[in-house]
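S.K.: Mind looking over this structure? Questions follow.
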Amino acid sequence: MLDSLSKHLRSLQNLNQPTEHWDTLLIYILSNKLDKTTAREWEESKVKCESQTSSNNKSVPPTLEEFASFIRKRADLLETLSLTKETKGNKSRVSYHNQAGENQGKDNIKQVSCIYCKQSQHFIQGCPEFLNLSIEQRTQAVNKHHLCVNCLRNNHNVRRCFAGPCRKCGQRHNTLLHVDKTNTSVNHVSSVSNVPHHSSQVINESIPLQTLSYCQKSSEPKVLLSTVLVNVEDRFGNLQMCRVLLDSGSQSNFITSDTVKKLGLTTSKVDISVTGINQTTSIINRKCQVAIKSTQNSFYLNLTCLVVPKINESLPNHPIDTSAWNIPSNVVLADPTFDQVTNVDMLIGAEYFYSLISIGQIKLGKGLPVLQKTVFGWVVSGPVHTGQTQNVHCHLSTSDTDEDIHNCI
């Protein structure tokens with residue numbers, strides 16, 4: 001609901017509508033969409049807000065931001081209660097099976113591990129032994145263990161599977177079982193076999209819901225990625241500057257754990273399996289709500305971010321000499337430090353990427369980056385000639401259609 005509200009408000013703001021005076025109207029419309037229990041909680045919270053902000057014995061109506069804060073807290077509470085019930089249910093089932101027999105209970109617990117190699121550190125989608133098999137051998141293994149050929153789980157068949165289809169051909173089978181009629185896939189794998197990758201790290205056991213790929217390779221040409229500086233609200237409502245990477249190749253948004261600690265943000269549980277290059281797997285188990293505001297105008301955005309230890313190396317890898325670039329003096333850069341080696345605090349993916357892009361582009365010349373206008377200002381992105389060896393950063397984050405992060409809320 002908050003994401004839809006933010007999206008529509010941005011559209012109205014682009015039409016120069018005075019949305020800053022619509023808090024009372026919007027709160028009334030949105031509160032009518034709440035369930036009875038949440039609506040009652042909001043009325044109690046509204047009374048507290050009015051009493052705390054009252055002056056001269058006159059009550060001050062709550063703001064839209066206070067309403068949004070209430071909704072986020074309420075959602076976190078309901079999620080926590082849901083996870084608690086699920087945990088208690090699992091414990092009850094394990095206890096019941098233990099009464100029937102200790103070995104049977106152990107077998108039920110093992111079902112959450114890899115079905116193929118019986119290891120508990122990963123699931124079959126990230127199993128090294130399974131991934132080393134040929135596609136024909138993988139198919140035989142899936143049939144042997146009576147797994148769903150679409151999602152590789154053992155509690156249903158493909159007719160009852162709600163997971164998304166193959167990402168290569170759109171058919172009802174898992175991408176790991178896709179048979180390519182050409183050798184394109186094989187050649188592609190061979191061409192990147194020398195790419196170094198981040199070692200896998202299992203943060204917490206969970207159900208694989210999402211895939212994240214990230215690779216680095218020393219190569220030509222060098223490309224400057226789009227970064228912006230934004231104001232981010234900390235737990236006390238104060239604004240702190242953060243550096244954000246805009247990436248249309250990611251379906252999710254990410255924030256580093258150091259940034260979460262710096263801002264004092266509250267996190268909640270989530271289970272996301274993250275698979276990198278060469279199928280190395282790690283688990284993301286935290287997410288948080290982040291409110292960002294433009295440093296140039298009144299634009300703001302509330303988004304959900306997955307918490308990761310690190311997004312990538314510092315960008316750019318080396319300082320860039322821009323003395324020969326003819327950047328117009330009237331252009332306000334979204335990241336004035338784009339040419340300096342600086343860490344990235346957040347990543348905004350394709351969910352919001354194209355709504356952040358505005359009309360306007362300036363080409364600096366052949367072999368030079370372009371200036372692209374965004375709601376945060378002008379970003380600098382494109383080829384850069386530094387005369388130094390520089391890593392190329394590639395990001396890809398995808399999630400299954402019916403098993404994305406929103407189903408975990």
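Please note that chains go A, B, ... in the order of the structure tokens, that every chain numbers its residues from 1, and that ligands are numbered from 1 in the order shown.
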Can you list, as a count of residues only, every protein, DNA or RNA residue that comes within 9 Å of range 299-309 of chain A when you count only C-alpha atoms, leaving out same-chain residues fewer than 3 positions away?
M.R.: 36
S.K.: Which residues are near Glu233 in chain A? Cut-off 10 Å, only C-alpha atoms, ignore same chain within fewer than 3 positions. Put them as a list in words.
M.R.: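 Result of the neighbour search: Val230, Phe236, Gly237, Asn238, Leu239, Gln240, Met241, Leu263, Gly264, Leu265, Val290, Ala291, Ile292 and Lys293 of chain A.
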S.K.: Extract, using only C-alpha atoms, all DNA, RNA and protein residues at most 8 Å from range 167-181 of chain A, discarding same-chain residues fewer than 3 positions from it, and format them as number ranges by chain.
M.R.: A: 125, 135-136, 138-139, 149-152, 158, 164, 184-185
S.K.: Would you kindly return, as an mmCIF file with C-alpha atoms, in the first residue's frame, each protein, DNA or RNA residue with an atom no farther than 10 Å from any atom of range 58-70 of chain A, considering only C-alpha atoms and excluding same-chain residues fewer than 4 positions away?
M.R.:
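Contents of out39.cif, as written:
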```
data_model
loop_
_atom_site.group_PDB
_atom_site.id
_atom_site.type_symbol
_atom_site.label_atom_id
_atom_site.label_comp_id
_atom_site.auth_asym_id
_atom_site.auth_seq_id
_atom_site.Cartn_x
_atom_site.Cartn_y
_atom_site.Cartn_z
ATOM 1 C CA MET A 1 0.000 0.000 0.000
ATOM 2 C CA LEU A 2 2.780 2.426 0.893
ATOM 3 C CA LEU A 5 0.993 5.581 -2.448
ATOM 4 C CA GLU A 20 2.193 18.454 0.512
ATOM 5 C CA HIS A 21 -1.220 19.744 1.671
ATOM 6 C CA TRP A 22 -3.101 16.481 1.102
ATOM 7 C CA ASP A 23 -2.062 14.583 4.244
ATOM 8 C CA THR A 24 -5.489 14.675 5.926
ATOM 9 C CA LEU A 25 -7.350 13.613 2.772
ATOM 10 C CA LEU A 26 -4.920 10.802 1.953
ATOM 11 C CA ILE A 27 -4.927 9.496 5.527
ATOM 12 C CA LEU A 30 -6.104 4.982 3.268
ATOM 13 C CA SER A 31 -7.461 4.407 6.782
ATOM 14 C CA THR A 38 -5.569 -2.150 12.431
ATOM 15 C CA GLU A 41 -4.977 0.624 16.513
ATOM 16 C CA TRP A 42 -4.586 3.603 14.182
ATOM 17 C CA SER A 45 -2.218 5.986 17.725
ATOM 18 C CA LYS A 46 -3.803 9.062 16.138
ATOM 19 C CA VAL A 47 -5.061 10.260 19.503
ATOM 20 C CA LYS A 48 -1.544 9.941 20.913
ATOM 21 C CA CYS A 49 -0.068 11.841 17.949
ATOM 22 C CA GLU A 50 -2.601 14.645 18.336
ATOM 23 C CA SER A 51 -1.992 14.931 22.082
ATOM 24 C CA GLN A 52 1.782 15.010 21.647
ATOM 25 C CA THR A 53 1.707 17.672 18.904
ATOM 26 C CA SER A 54 -1.136 19.786 20.299
ATOM 27 C CA ARG A 74 2.106 -2.649 12.207
ATOM 28 C CA ALA A 75 3.336 -4.748 9.263
ATOM 29 C CA ASP A 76 6.522 -5.662 11.151
ATOM 30 C CA GLN A 289 12.423 -0.334 5.462
ATOM 31 C CA ASN A 302 10.076 4.414 0.882
#
```
S.K.: Rank A:Pro336, A:Gly365, A:Pro383, A:Pro319 by their smallest atom-to-atom distance to Leu224 in chain A, using only C-alpha atoms, and report the top residue only.
M.R.: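 Answer, going by the shortest atom-to-atom distance: A:Pro383.
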S.K.: Could you please determine the separation between CA of Lys262 in chain A and CA of Leu356 in chain A in Å, to one decimal place?
M.R.: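 Separation of CA of Lys262 in chain A and CA of Leu356 in chain A: 25.3 Å.
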S.K.: Just how far from CA of Lys73 in chain A is CA of Val344 in chain A, in Å to one decimal?
M.R.: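 Computed distance, CA of Val344 in chain A to CA of Lys73 in chain A, equals 27.3 Å.
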S.K.: For Ala39 in chain A, which of A:Val380, A:Leu364, A:Ile71, A:Ile357 is the closest residue, counting only C-alpha atoms?
M.R.: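 Looking only at the distances to Ala39 in chain A, the closest residue turns out to be A:Ile71.
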